[in-house]
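K.L.:
One structure follows; several queries about it will come next.
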Amino acid sequence: MYKERLNEYIERLDEEEARDLFMLIELIRQGKRVWEEDPGLAYHQYSKHSRFRIFMSPRRSERGPLPPLIKNYRNARNIKLPDPDLSLVSNPIGDSIIKRRSFRDFKPRVMPINVLSTLLHLSVGITGWDNHWPLRAYPSAGALQPVETYIIANYVDTINMGLYHYNVLDHSLEILKEGDFRKNIVDIALDQDFLYNASIILILSIVYARTLWKYGDRAYRYALLDTGASMENIYLAATAMNLGACAIGAYYDDDLNSLLELDTNTEITQVMVAVGYKE
Ligand SMILES: Cc1cc2nc3c(=O)[nH]c(=O)nc-3n(C[C@H](O)[C@H](O)[C@H](O)COP(=O)(O)O)c2cc1C
C-alpha cells in the first residue's frame, strides 16, 4: 500500500524534488536516519554535496540583489582609528602560532588605540581589493564576508567605555552605546568572571544573508568557517603583539544579540574573543 502511494507522489515530483527524495532514500538504505540524529549532524547530512545531489547555488535570476557586503550605522557618531601599525607586531607568524594559548588571567590595563586599530585590521580588516570588491584578512567563501565585528571597550585609550561597531570601510569605530558593560558581559557569558578585566571583547556576528545569497542551504557552514578564520586571526594578531586572547562560545545568545540590538532574522552573533594584558 505504501509503495503504491509513494508511486503516486513520485509521479507528481519535479526533477529537483525527485533528486531530494532519491538522496533521502539512499541515506535510509545506508542506514542513516538523519532525522533521528542530532540537529548538527542532520544539517551536515542535509547540506552536503554528494554523488546524488550537488548543492547548486541559487540561480542568478532567483537570487535578488546582492546584500550590502559592508554594514554601517549611518546615524552613529564615528571615531576614526589611527592607521594600523605593523611595528607593534613583534612575534613572527611561526612563533605566534606556537605561542598561541587561550589566556584568561587578564590585568586591567588600558590598551592604546593603535593596538586596537592594528588588531582589527589584522583580523577582519580590508587588506586588498579585487577591482571594487573588498578582500579581508580572513578567507571568505565566495568573498561574501559575512562577519561583522563589535567591540566592548573596557579599557581603551582615548575612547570611552562602551559598545562600538567596526566600520571596516572607513577603519573607524561607530559608537553604539557608551557605558560600563563589564558586569553585563560577565553575566551574559555564564558568569565567566575573567572577562571583567579584559581590555576589550570583540564580538563576531554573521550577516547570514550575504553568504546565503550565493550558497543557499550550504551557506551556514561557510559562514561558520569564515567566523572561525576571523577568530583565529584575532588570536594570532593578539599573540603577535604579546597580548592574551580567549574565545568565548559560552554565552546566552539572545541576551548578547539584544545587547547589540541585532535583527536576528538577518544577523546573529557567533563568538566573542576577549583580548587584554598578561601583566
Ligand atoms: C569556539 C570556541 C569557544 C570557546 N569558548 C570558551 C569559553 O566560553 N570560555 C573559555 O574560557 N574558553 C573558551 N574557549 C577556549 C578553549 O577552551 C581553548 O581553545 C581550549 O581549551 C584549547 O586551549 P588553547 O586555546 O590554549 O590551545 C573556546 C574556544 C573555541 C574555539
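By order of appearance in the C-alpha cells: chains A, B, ..., then residues from 1 within every chain, and ligands from 1 in the order shown.
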Name the residues, by chain letter and number, that sit within 9 Å of ligand 1 using only C-alpha atoms and all ligand atoms, and give them as a list in words.

P.N.:
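So, counting only C-alpha atoms and all ligand atoms, the residues near ligand 1 are Arg100, Arg101, Ser102, Phe103, Arg104, Ala189, Leu190, Gln192, Phe194, Gly228, Met231, Glu232, Tyr235, Ala245, Cys246, Ala247, Ile248, Gly249, Ala250, Tyr251, Gln270, Val271, Met272 and Val273 of chain A.
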
K.L.:
Selection from above, C-alpha atoms, as a PDB file, in the first residue's frame, can you write it?

P.N.:
```
ATOM      1  CA  ARG A 100      49.019  30.986  20.912  1.00  0.00           C
ATOM      2  CA  ARG A 101      47.148  29.761  24.001  1.00  0.00           C
ATOM      3  CA  SER A 102      43.842  30.826  25.442  1.00  0.00           C
ATOM      4  CA  PHE A 103      44.651  33.304  28.187  1.00  0.00           C
ATOM      5  CA  ARG A 104      42.255  34.235  30.972  1.00  0.00           C
ATOM      6  CA  ALA A 189      28.864  34.835  29.317  1.00  0.00           C
ATOM      7  CA  LEU A 190      27.527  32.494  32.006  1.00  0.00           C
ATOM      8  CA  GLN A 192      32.935  33.920  33.274  1.00  0.00           C
ATOM      9  CA  PHE A 194      37.752  36.866  33.910  1.00  0.00           C
ATOM     10  CA  GLY A 228      36.406  30.645  12.747  1.00  0.00           C
ATOM     11  CA  MET A 231      38.581  34.289  15.346  1.00  0.00           C
ATOM     12  CA  GLU A 232      41.948  32.646  14.758  1.00  0.00           C
ATOM     13  CA  TYR A 235      44.189  35.078  18.469  1.00  0.00           C
ATOM     14  CA  ALA A 245      43.188  36.271  23.994  1.00  0.00           C
ATOM     15  CA  CYS A 246      40.399  33.851  24.768  1.00  0.00           C
ATOM     16  CA  ALA A 247      37.465  32.797  22.604  1.00  0.00           C
ATOM     17  CA  ILE A 248      34.105  32.768  24.351  1.00  0.00           C
ATOM     18  CA  GLY A 249      31.486  30.489  22.877  1.00  0.00           C
ATOM     19  CA  ALA A 250      29.538  30.014  26.109  1.00  0.00           C
ATOM     20  CA  TYR A 251      27.035  32.848  26.370  1.00  0.00           C
ATOM     21  CA  GLN A 270      28.721  33.555  16.747  1.00  0.00           C
ATOM     22  CA  VAL A 271      31.608  34.039  19.153  1.00  0.00           C
ATOM     23  CA  MET A 272      33.336  36.610  21.358  1.00  0.00           C
ATOM     24  CA  VAL A 273      37.078  36.970  21.813  1.00  0.00           C
TER      25      VAL A 273
END
```

K.L.:
Extract the full set of strand (DSSP E) residues from range 17-241 of chain A according to DSSP on the backbone, and format it as a PyMOL selection string.

P.N.:
chain A and resi 78-80+126-130+133-136+147-153+162-167+172-178+200-207

K.L.:
Using the selection just defined, write its residues with C-alpha atoms as a short mmCIF file (atom, residue, chain, number, x, y, z; two decimals), in the first residue's frame.

P.N.:
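result10.cif, written as the output of this step:
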```cif
data_model
loop_
_atom_site.label_atom_id
_atom_site.label_comp_id
_atom_site.auth_asym_id
_atom_site.auth_seq_id
_atom_site.Cartn_x
_atom_site.Cartn_y
_atom_site.Cartn_z
CA ASN A 78 32.16 57.92 14.36
CA ILE A 79 35.72 57.75 15.70
CA LYS A 80 38.44 57.44 13.08
CA ILE A 126 40.21 45.12 4.38
CA THR A 127 43.64 44.06 3.21
CA GLY A 128 43.15 44.23 -0.55
CA TRP A 129 40.79 44.91 -3.40
CA ASP A 130 39.74 42.95 -6.45
CA TRP A 133 35.41 44.25 -4.34
CA PRO A 134 36.99 44.37 -0.87
CA LEU A 135 39.06 41.45 0.39
CA ARG A 136 39.61 40.72 4.05
CA VAL A 147 31.46 38.61 9.56
CA GLU A 148 30.69 41.87 11.39
CA THR A 149 32.73 42.97 14.39
CA TYR A 150 31.57 44.74 17.53
CA ILE A 151 33.82 45.92 20.31
CA ILE A 152 33.12 46.18 24.01
CA ALA A 153 35.76 48.63 25.17
CA GLY A 162 31.10 51.28 25.65
CA LEU A 163 29.89 49.27 22.72
CA TYR A 164 31.18 50.05 19.25
CA HIS A 165 30.80 48.68 15.73
CA TYR A 166 33.84 48.39 13.49
CA ASN A 167 33.24 50.28 10.25
CA SER A 172 36.63 53.64 12.23
CA LEU A 173 34.53 52.88 15.29
CA GLU A 174 30.84 53.68 15.34
CA ILE A 175 29.60 54.47 18.82
CA LEU A 176 26.54 52.36 19.57
CA LYS A 177 26.26 52.75 23.35
CA GLU A 178 28.56 54.35 25.87
CA ILE A 200 38.35 44.64 25.02
CA ILE A 201 35.91 41.99 23.98
CA LEU A 202 35.44 41.55 20.26
CA ILE A 203 32.09 40.13 19.24
CA LEU A 204 31.83 38.42 15.86
CA SER A 205 28.44 38.12 14.21
CA ILE A 206 27.43 36.87 10.80
CA VAL A 207 25.20 38.67 8.37
#
```

K.L.:
Just the number, please: distance in Å from CA of Asp255 in chain A to CA of Asp180 in chain A, one decimal.

P.N.:
16.3 Å

K.L.:
Please report, as a PyMOL selection string, each residue of range 31-209 of chain A to which DSSP assigns alpha helix (DSSP H) when run on this structure's backbone.

P.N.:
chain A and resi 39-46+60-63+93-99+113-124+182-188+208-209

K.L.:
Can you list, as a PyMOL selection string, every protein, DNA or RNA residue that comes within 9 Å of Ser140 in chain A when you count only C-alpha atoms, leaving out same-chain residues fewer than 3 positions away?

P.N.:
chain A and resi 135-136+143-146+222-223+225-227+229

K.L.:
With distances taken over only C-alpha atoms, which residue among A:Thr211, A:Ser230, A:Asn184, A:Thr239 lies nearest Leu259 in chain A?

P.N.:
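Counting only C-alpha atoms, the residue closest to Leu259 in chain A is A:Asn184.
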
K.L.:
Between A:Ala240, A:Leu27, A:Leu256, A:Val275, which is the closest to Arg51 in chain A once you count only C-alpha atoms?

P.N.:
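Among the listed residues, the smallest separation from Arg51 in chain A belongs to A:Leu27.
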
K.L.:
Out of A:Glu16, A:Ala76, A:Asp253, A:Arg221, which residue has the shortest atom-to-atom distance to Glu267 in chain A when counting only C-alpha atoms?

P.N.:
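Smallest distance to Glu267 in chain A is found for A:Asp253.
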
K.L.:
Which residues of range 218-263 of chain A sit at most 12 Å from range 109-113 of chain A, using only C-alpha atoms? Give each one's shortest atom pair and distance in Å (one decimal place), in chain and ascending residue order, as JSON lines.

P.N.:
```
{"residue": "A:Ala238", "atom": "CA", "partner": "A:Met111", "partner_atom": "CA", "distance": 11.7}
{"residue": "A:Met241", "atom": "CA", "partner": "A:Met111", "partner_atom": "CA", "distance": 11.5}
{"residue": "A:Leu243", "atom": "CA", "partner": "A:Met111", "partner_atom": "CA", "distance": 9.9}
{"residue": "A:Gly244", "atom": "CA", "partner": "A:Arg109", "partner_atom": "CA", "distance": 11.9}
```

K.L.:
With all heavy atoms retained, could you export that selection as a compact mmCIF listing (two decimals), in the first residue's frame?

P.N.:
```
# COMPACT_ATOMS: atom_id res chain seq x y z
N ALA A 238 46.75 39.01 18.29
CA ALA A 238 46.94 39.35 19.70
C ALA A 238 48.26 38.75 20.20
O ALA A 238 49.07 39.43 20.84
CB ALA A 238 45.76 38.84 20.53
N MET A 241 51.30 40.51 19.20
CA MET A 241 51.54 41.77 19.92
C MET A 241 51.68 41.54 21.43
O MET A 241 51.51 42.46 22.23
CB MET A 241 50.39 42.75 19.63
CG MET A 241 50.39 43.21 18.17
SD MET A 241 49.27 44.59 17.85
CE MET A 241 47.71 43.75 17.74
N LEU A 243 49.77 40.09 23.50
CA LEU A 243 48.53 40.21 24.26
C LEU A 243 47.94 38.82 24.49
O LEU A 243 48.27 37.88 23.74
CB LEU A 243 47.51 41.05 23.49
CG LEU A 243 47.91 42.51 23.22
CD1 LEU A 243 47.01 43.10 22.14
CD2 LEU A 243 47.81 43.31 24.51
N GLY A 244 47.09 38.71 25.49
CA GLY A 244 46.38 37.45 25.72
C GLY A 244 45.01 37.50 25.05
O GLY A 244 44.43 38.58 24.90
```

K.L.:
Please identify all polymer residues within 9 Å of range 66-68 of chain A, counting only C-alpha atoms, omitting same-chain residues fewer than 2 positions from it, and present them as a list of chain:residue names.

P.N.:
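That gives A:Arg63, A:Gly64, A:Ile70, A:Lys71, A:Ala209, A:Arg210, A:Trp213, A:Lys214.
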
K.L.:
May I have the residues from that selection written out with N, CA and C atoms, as an mmCIF file, in the first residue's frame?

P.N.:
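The new file again11.cif reads:
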```cif
data_model
loop_
_atom_site.group_PDB
_atom_site.id
_atom_site.type_symbol
_atom_site.label_atom_id
_atom_site.label_comp_id
_atom_site.auth_asym_id
_atom_site.auth_seq_id
_atom_site.Cartn_x
_atom_site.Cartn_y
_atom_site.Cartn_z
ATOM 1 N N ARG A 63 18.263 35.033 -7.359
ATOM 2 C CA ARG A 63 18.998 35.480 -6.167
ATOM 3 C C ARG A 63 18.529 36.810 -5.587
ATOM 4 N N GLY A 64 17.975 37.656 -6.388
ATOM 5 C CA GLY A 64 17.680 39.005 -5.893
ATOM 6 C C GLY A 64 18.974 39.794 -5.813
ATOM 7 N N ILE A 70 29.012 45.392 3.365
ATOM 8 C CA ILE A 70 29.583 46.150 4.470
ATOM 9 C C ILE A 70 28.452 46.842 5.211
ATOM 10 N N LYS A 71 28.481 46.678 6.542
ATOM 11 C CA LYS A 71 27.429 47.296 7.343
ATOM 12 C C LYS A 71 27.953 48.604 7.922
ATOM 13 N N ALA A 209 22.696 36.608 5.390
ATOM 14 C CA ALA A 209 22.125 36.820 4.050
ATOM 15 C C ALA A 209 23.195 36.971 2.972
ATOM 16 N N ARG A 210 24.374 37.478 3.356
ATOM 17 C CA ARG A 210 25.425 37.669 2.337
ATOM 18 C C ARG A 210 25.836 36.331 1.740
ATOM 19 N N TRP A 213 22.963 34.358 -0.130
ATOM 20 C CA TRP A 213 22.673 34.873 -1.470
ATOM 21 C C TRP A 213 23.264 33.952 -2.544
ATOM 22 N N LYS A 214 24.467 33.461 -2.281
ATOM 23 C CA LYS A 214 25.098 32.621 -3.301
ATOM 24 C C LYS A 214 24.982 31.134 -3.007
#
```

K.L.:
Could you pull the residues within 12 Å of Ser87 in chain A, counting only C-alpha atoms, minus those fewer than 3 positions along the same chain, as a list of chain:residue names?

P.N.:
A:Asp83, A:Pro84, A:Ser90, A:Asn91, A:Pro92, A:Asn114, A:Val115, A:Thr118, A:Ala240, A:Met241

K.L.:
Output N, CA and C atoms for every residue in the selection just made, as a PDB file, in the first residue's frame.

P.N.:
```pdb
ATOM      1  N   ASP A  83      46.007  54.733  11.711  1.00  0.00           N
ATOM      2  CA  ASP A  83      46.404  53.667  10.779  1.00  0.00           C
ATOM      3  C   ASP A  83      46.969  52.478  11.554  1.00  0.00           C
ATOM      4  N   PRO A  84      46.737  51.268  11.062  1.00  0.00           N
ATOM      5  CA  PRO A  84      47.354  50.098  11.717  1.00  0.00           C
ATOM      6  C   PRO A  84      48.875  50.262  11.722  1.00  0.00           C
ATOM      7  N   SER A  90      55.472  42.093  17.143  1.00  0.00           N
ATOM      8  CA  SER A  90      56.871  41.757  17.404  1.00  0.00           C
ATOM      9  C   SER A  90      57.179  40.272  17.215  1.00  0.00           C
ATOM     10  N   ASN A  91      56.170  39.426  17.187  1.00  0.00           N
ATOM     11  CA  ASN A  91      56.456  37.990  17.033  1.00  0.00           C
ATOM     12  C   ASN A  91      56.176  37.526  15.614  1.00  0.00           C
ATOM     13  N   PRO A  92      57.115  36.773  15.021  1.00  0.00           N
ATOM     14  CA  PRO A  92      56.854  36.234  13.685  1.00  0.00           C
ATOM     15  C   PRO A  92      55.685  35.239  13.712  1.00  0.00           C
ATOM     16  N   ASN A 114      46.091  52.550  19.023  1.00  0.00           N
ATOM     17  CA  ASN A 114      46.732  51.995  17.810  1.00  0.00           C
ATOM     18  C   ASN A 114      46.873  50.466  17.892  1.00  0.00           C
ATOM     19  N   VAL A 115      46.856  49.920  19.109  1.00  0.00           N
ATOM     20  CA  VAL A 115      46.867  48.457  19.247  1.00  0.00           C
ATOM     21  C   VAL A 115      45.512  47.899  18.794  1.00  0.00           C
ATOM     22  N   THR A 118      45.325  48.067  15.030  1.00  0.00           N
ATOM     23  CA  THR A 118      46.138  47.037  14.359  1.00  0.00           C
ATOM     24  C   THR A 118      45.482  45.664  14.490  1.00  0.00           C
ATOM     25  N   ALA A 240      50.836  37.921  18.503  1.00  0.00           N
ATOM     26  CA  ALA A 240      51.969  38.588  17.846  1.00  0.00           C
ATOM     27  C   ALA A 240      52.287  39.915  18.521  1.00  0.00           C
ATOM     28  N   MET A 241      51.295  40.506  19.205  1.00  0.00           N
ATOM     29  CA  MET A 241      51.539  41.769  19.923  1.00  0.00           C
ATOM     30  C   MET A 241      51.682  41.535  21.428  1.00  0.00           C
TER      31      MET A 241
END
```
